[in-house]
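K.L.:
Mind having a look at this structure? Questions to follow.
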Amino acid sequence: MQISLKETAAVLKSVQRIVITSHVNPDGDAIGSSLGLMHALRALGKEVQVFIDDDIPAAFSVLPGYELIGKPVEGQSIPADLLVAVDVSLDRIGLVKEAVTAPTLNIDHHITNDGQADKLYLDGTAAATAEIIYHLIEELGVTCDKDMAMCLYTGLATDTGWFRFSNTTPDTMRTAADLLACGAVPNVISESLEQRPYEEVQNLAAAMQKIELLADGKVAGICLDYAALQEHEAPEGLIGMVRVIEGVDIAFTLKEKEPGLCRVSLRSKGIDVTKIALQFGGGGHVRAAGCSIEKNCVEARADLLKVIMQVLEEEK
Ligand code: 5GP
Ligand code: MN
């Protein structure tokens, strides 16, 4: 059931023990929104824990509360009155779904949200879930402090490509300004997130050698099969390097993370890439989406390209 922001605040106020979670393969918005909301609810006297079923990249250790993020183990049962899933539908929270059996509240900005949660606050116009969480904090009557601001600013900055993407609105900028006024330090966040180990920069160079240009230059992508990923780990932000190629509308990366299981990232400069991701059970936003394909790299690439070409054809 979809609810309003006011109702979302009321639901949170009505319970004491809250577990917050977000998607596997967590990004800045997933981690920032989870921790930002955690700080706000703790300020209200709630018992709050964040559990994410994945490793949290060390670059995010700049965020207050990073060390408090738990990772559920198989068979674990985590007591709670409410499970709050942010920046995700309930299908991508991994083991947290089994570990927490409490009623679910979902706060999201993905237009592809599956609506499976007991209660859902969805705002597809928000640039980031962090933008929603900031307004929720206002609704809760909590005073935004530096810890909350650092986390939420990170979510907002990363999901908007540092305020460059088309999802950046006047409200995004106003929210960012408020967060700065609350104590967020933008350069500390950006310096921590842009830093990479030397090996990763070299891995980026290796991966870039594999860019393929298709469909008269409208599509570009990089496929890394399991063997390639064993040799060089996939660097963060690879898709961004493909997206910048002149003339390219759809950019993709395909990574065979486990033999027979590929993770796909999609970006576009106009075409709705959720149309592609949804065909494989994924989702996301018009210009940034993703999915998994349970096939080896060669087969998954063929399936993916077929759908990309269909969508390109429909757009003509
Ligand atoms: P990324 O390529 O950065 O992993 O994801 C781009 C966007 O698509 C993000 O907003 C992310 O949450 C969403 N997304 C990526 N993979 C999936 C998926 O498998 N399912 C759904 N529903 N959304 C995804
Ligand atoms: Mn997001």
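A note on labels: chains of the structure tokens are A, B, ... as shown, every chain counts residues from 1, and ligands are counted from 1 in their shown order.
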Return as a Markdown table the residues of stretch 147-214 of chain A lying at most 6 Å from stretch 32-54 of chain A, together with the closest atom-to-atom pair for each and the distance in Å to one decimal, counting only C-alpha atoms, with rows in chain order and ascending residue number.
P.N.:
| residue | atom | partner | partner_atom | distance |
| --- | --- | --- | --- | --- |
| A:Met148 | CA | A:Gly36 | CA | 4.5 |
| A:Cys151 | CA | A:Gly32 | CA | 4.2 |
| A:Leu152 | CA | A:Gly32 | CA | 5.2 |
| A:Thr154 | CA | A:Gly32 | CA | 5.8 |
| A:Gly155 | CA | A:Gly32 | CA | 4.9 |
K.L.:
Can you work out which residues are within 7 Å of ligand 1, considering only C-alpha atoms and all ligand atoms, and then hand them over as a list of chain:residue names?
P.N.:
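Protein and nucleic-acid residues within 7 Å of ligand 1: A:Asp87, A:Val88, A:Ser89, A:Arg92, A:His110, A:Thr112, A:Asn113, A:Val264, A:Ser265, A:Leu266, A:Gly281, A:Gly282, A:Gly283, A:Gly284, A:His285, A:Ala288, A:Ala289, A:Gly290, A:Cys291, A:Ser292.
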K.L.:
Counting only C-alpha atoms and all ligand atoms, which of A:Leu83, A:Ile107, A:Val62, A:Val73 gets nearest to ligand 2?
P.N.:
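Using only C-alpha atoms and all ligand atoms, ligand 2 sits closest to A:Ile107.
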K.L.:
Excluding same-chain residues fewer than 6 positions from A:Val219, what lies within 10 Å of it counting only C-alpha atoms, as number ranges by chain?
P.N.:
A: 212-213, 242-243, 245, 247-252, 268, 305, 308-309, 312
K.L.:
Quick one: DSSP alpha helix (DSSP H) residues in stretch 105-217 of chain A, as number ranges by chain?
P.N.:
A: 129-140, 146-159, 170-181, 186-194, 198-208
K.L.:
Please give me, as a list in words, the residues lying within 7 Å of ligand 2 when counting only C-alpha atoms and all ligand atoms.
P.N.:
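Every residue with an atom at most 7 Å from ligand 2 is listed here: Asp29, Ala30, Asp87, His109, Ala128, Thr129 and Asp159 of chain A.
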K.L.:
Output C-alpha atoms of each residue in that selection to a file, as an mmCIF file, in the first residue's frame.
P.N.:
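Result file selection_25.cif:
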data_model
loop_
_atom_site.group_PDB
_atom_site.id
_atom_site.type_symbol
_atom_site.label_atom_id
_atom_site.label_comp_id
_atom_site.auth_asym_id
_atom_site.auth_seq_id
_atom_site.Cartn_x
_atom_site.Cartn_y
_atom_site.Cartn_z
ATOM 1 C CA ASP A 29 22.583 6.375 -1.817
ATOM 2 C CA ALA A 30 21.908 2.951 -0.286
ATOM 3 C CA ASP A 87 16.490 2.702 -2.080
ATOM 4 C CA HIS A 109 12.739 6.563 -5.649
ATOM 5 C CA ALA A 128 18.016 10.066 -4.572
ATOM 6 C CA THR A 129 16.410 8.250 -1.690
ATOM 7 C CA ASP A 159 23.040 9.406 -7.293
#
K.L.:
Can you pull out every residue within 12 Å of A:Asp171, counting only C-alpha atoms, but drop anything in the same chain fewer than 2 positions away, and send it as a list in words?
P.N.:
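The residues satisfying every condition are Thr125, Ala126, Ala127, Ala128, Ala130, Glu131, Ile132, Tyr134, His135, Leu156, Phe163, Asn167, Thr168, Thr169, Met173, Arg174, Thr175, Ala176, Ala177 and Asp178 of chain A.
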K.L.:
Could those residues be written to a file, using N, CA and C atoms, as a PDB file, in the first residue's frame?
P.N.:
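Listing of part38.pdb after writing:
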ATOM      1  N   THR A 125      10.280  11.147  -8.518  1.00  0.00           N
ATOM      2  CA  THR A 125      10.876  12.423  -8.953  1.00  0.00           C
ATOM      3  C   THR A 125      12.075  12.808  -8.081  1.00  0.00           C
ATOM      4  N   ALA A 126      12.256  12.111  -6.976  1.00  0.00           N
ATOM      5  CA  ALA A 126      13.397  12.423  -6.104  1.00  0.00           C
ATOM      6  C   ALA A 126      14.674  11.927  -6.767  1.00  0.00           C
ATOM      7  N   ALA A 127      15.701  12.747  -6.740  1.00  0.00           N
ATOM      8  CA  ALA A 127      16.972  12.369  -7.377  1.00  0.00           C
ATOM      9  C   ALA A 127      17.615  11.191  -6.668  1.00  0.00           C
ATOM     10  N   ALA A 128      17.410  11.131  -5.379  1.00  0.00           N
ATOM     11  CA  ALA A 128      18.016  10.066  -4.572  1.00  0.00           C
ATOM     12  C   ALA A 128      17.064   9.744  -3.433  1.00  0.00           C
ATOM     13  N   ALA A 130      18.091   9.594  -0.555  1.00  0.00           N
ATOM     14  CA  ALA A 130      18.577  10.523   0.481  1.00  0.00           C
ATOM     15  C   ALA A 130      17.789  11.830   0.490  1.00  0.00           C
ATOM     16  N   GLU A 131      17.337  12.250  -0.691  1.00  0.00           N
ATOM     17  CA  GLU A 131      16.529  13.481  -0.776  1.00  0.00           C
ATOM     18  C   GLU A 131      15.205  13.272  -0.033  1.00  0.00           C
ATOM     19  N   ILE A 132      14.618  12.083  -0.210  1.00  0.00           N
ATOM     20  CA  ILE A 132      13.373  11.748   0.497  1.00  0.00           C
ATOM     21  C   ILE A 132      13.640  11.686   2.002  1.00  0.00           C
ATOM     22  N   TYR A 134      15.793  13.189   3.748  1.00  0.00           N
ATOM     23  CA  TYR A 134      15.952  14.533   4.319  1.00  0.00           C
ATOM     24  C   TYR A 134      14.572  15.135   4.636  1.00  0.00           C
ATOM     25  N   HIS A 135      13.642  15.021   3.697  1.00  0.00           N
ATOM     26  CA  HIS A 135      12.293  15.561   3.929  1.00  0.00           C
ATOM     27  C   HIS A 135      11.558  14.779   5.032  1.00  0.00           C
ATOM     28  N   LEU A 156      22.892  11.891  -2.012  1.00  0.00           N
ATOM     29  CA  LEU A 156      22.417  12.858  -3.006  1.00  0.00           C
ATOM     30  C   LEU A 156      23.500  13.113  -4.075  1.00  0.00           C
ATOM     31  N   PHE A 163      25.712  16.109  -8.844  1.00  0.00           N
ATOM     32  CA  PHE A 163      24.802  17.176  -9.278  1.00  0.00           C
ATOM     33  C   PHE A 163      24.944  17.521 -10.764  1.00  0.00           C
ATOM     34  N   ASN A 167      18.554  14.039 -13.267  1.00  0.00           N
ATOM     35  CA  ASN A 167      17.651  13.945 -12.107  1.00  0.00           C
ATOM     36  C   ASN A 167      17.872  15.085 -11.105  1.00  0.00           C
ATOM     37  N   THR A 168      18.866  15.920 -11.342  1.00  0.00           N
ATOM     38  CA  THR A 168      19.168  17.039 -10.439  1.00  0.00           C
ATOM     39  C   THR A 168      18.125  18.141 -10.610  1.00  0.00           C
ATOM     40  N   THR A 169      17.358  18.404  -9.557  1.00  0.00           N
ATOM     41  CA  THR A 169      16.263  19.387  -9.628  1.00  0.00           C
ATOM     42  C   THR A 169      16.554  20.544  -8.665  1.00  0.00           C
ATOM     43  N   MET A 173      19.058  20.629  -5.229  1.00  0.00           N
ATOM     44  CA  MET A 173      20.041  21.653  -4.863  1.00  0.00           C
ATOM     45  C   MET A 173      19.699  22.306  -3.528  1.00  0.00           C
ATOM     46  N   ARG A 174      18.406  22.529  -3.292  1.00  0.00           N
ATOM     47  CA  ARG A 174      17.996  23.128  -2.004  1.00  0.00           C
ATOM     48  C   ARG A 174      18.317  22.170  -0.870  1.00  0.00           C
ATOM     49  N   THR A 175      18.038  20.889  -1.118  1.00  0.00           N
ATOM     50  CA  THR A 175      18.326  19.888  -0.086  1.00  0.00           C
ATOM     51  C   THR A 175      19.830  19.843   0.178  1.00  0.00           C
ATOM     52  N   ALA A 176      20.615  19.865  -0.904  1.00  0.00           N
ATOM     53  CA  ALA A 176      22.078  19.842  -0.748  1.00  0.00           C
ATOM     54  C   ALA A 176      22.548  21.056   0.044  1.00  0.00           C
ATOM     55  N   ALA A 177      21.970  22.216  -0.259  1.00  0.00           N
ATOM     56  CA  ALA A 177      22.354  23.436   0.462  1.00  0.00           C
ATOM     57  C   ALA A 177      22.012  23.302   1.951  1.00  0.00           C
ATOM     58  N   ASP A 178      20.819  22.768   2.231  1.00  0.00           N
ATOM     59  CA  ASP A 178      20.424  22.556   3.640  1.00  0.00           C
ATOM     60  C   ASP A 178      21.408  21.618   4.332  1.00  0.00           C
TER      61      ASP A 178
END
K.L.:
Smallest atom-to-atom distance to A:Ile3: which of A:Gly70, A:Pro103, A:Gly65, A:Gly115, using only C-alpha atoms?
P.N.:
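With only C-alpha atoms as the atom set, the closest residue is A:Gly115.
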K.L.:
If DSSP is run on the backbone, what residues of stretch 53-256 of chain A are strand (DSSP E or B)? A reply as a ChimeraX atom specification would be ideal.
P.N.:
/A:70,82-86,104-108,119-122,212-214,219-224,250-256
K.L.:
Give me the residues within 10 Å of A:Val188 as a JSON list (two decimals) with all heavy atoms, in the first residue's frame, counting only C-alpha atoms and dropping any in the same chain fewer than 4 places off.
P.N.:
[["chain", "number", "residue", "atom", "x", "y", "z"],
["A", 62, "VAL", "N", 34.21, 7.04, 5.63],
["A", 62, "VAL", "CA", 34.12, 8.46, 5.95],
["A", 62, "VAL", "C", 32.75, 8.81, 6.56],
["A", 62, "VAL", "O", 32.59, 9.86, 7.19],
["A", 62, "VAL", "CB", 34.42, 9.30, 4.68],
["A", 62, "VAL", "CG1", 33.30, 9.16, 3.66],
["A", 62, "VAL", "CG2", 34.65, 10.77, 5.01],
["A", 63, "LEU", "N", 31.77, 7.93, 6.37],
["A", 63, "LEU", "CA", 30.42, 8.23, 6.86],
["A", 63, "LEU", "C", 30.25, 7.84, 8.33],
["A", 63, "LEU", "O", 30.55, 6.69, 8.70],
["A", 63, "LEU", "CB", 29.37, 7.51, 6.01],
["A", 63, "LEU", "CG", 29.32, 7.93, 4.55],
["A", 63, "LEU", "CD1", 28.16, 7.26, 3.85],
["A", 63, "LEU", "CD2", 29.20, 9.44, 4.44],
["A", 150, "MET", "N", 26.18, 14.38, 6.62],
["A", 150, "MET", "CA", 27.28, 13.73, 5.88],
["A", 150, "MET", "C", 26.75, 12.54, 5.09],
["A", 150, "MET", "O", 27.10, 12.34, 3.92],
["A", 150, "MET", "CB", 28.37, 13.25, 6.86],
["A", 150, "MET", "CG", 29.23, 14.33, 7.45],
["A", 150, "MET", "SD", 30.36, 15.08, 6.26],
["A", 150, "MET", "CE", 31.66, 13.84, 6.15],
["A", 184, "ALA", "N", 27.46, 19.07, 6.56],
["A", 184, "ALA", "CA", 28.12, 18.15, 5.61],
["A", 184, "ALA", "C", 29.38, 18.83, 5.05],
["A", 184, "ALA", "O", 29.35, 20.03, 4.77],
["A", 184, "ALA", "CB", 27.17, 17.79, 4.47],
["A", 192, "SER", "N", 37.25, 11.12, -0.28],
["A", 192, "SER", "CA", 37.26, 9.73, 0.17],
["A", 192, "SER", "C", 36.71, 8.81, -0.92],
["A", 192, "SER", "O", 37.24, 7.72, -1.17],
["A", 192, "SER", "CB", 36.41, 9.58, 1.44],
["A", 192, "SER", "OG", 36.30, 8.23, 1.77],
["A", 193, "LEU", "N", 35.66, 9.26, -1.61],
["A", 193, "LEU", "CA", 35.03, 8.39, -2.60],
["A", 193, "LEU", "C", 35.79, 8.30, -3.92],
["A", 193, "LEU", "O", 35.69, 7.31, -4.63],
["A", 193, "LEU", "CB", 33.58, 8.83, -2.85],
["A", 193, "LEU", "CG", 32.62, 8.68, -1.68],
["A", 193, "LEU", "CD1", 31.19, 8.87, -2.12],
["A", 193, "LEU", "CD2", 32.77, 7.34, -1.00]]
K.L.:
Which residues come within 9 Å of A:Asp91, counting only C-alpha atoms, excluding same-chain residues fewer than 5 positions away, as a list in words?
P.N.:
His23, Lys97, Asp114 and Gln116 of chain A
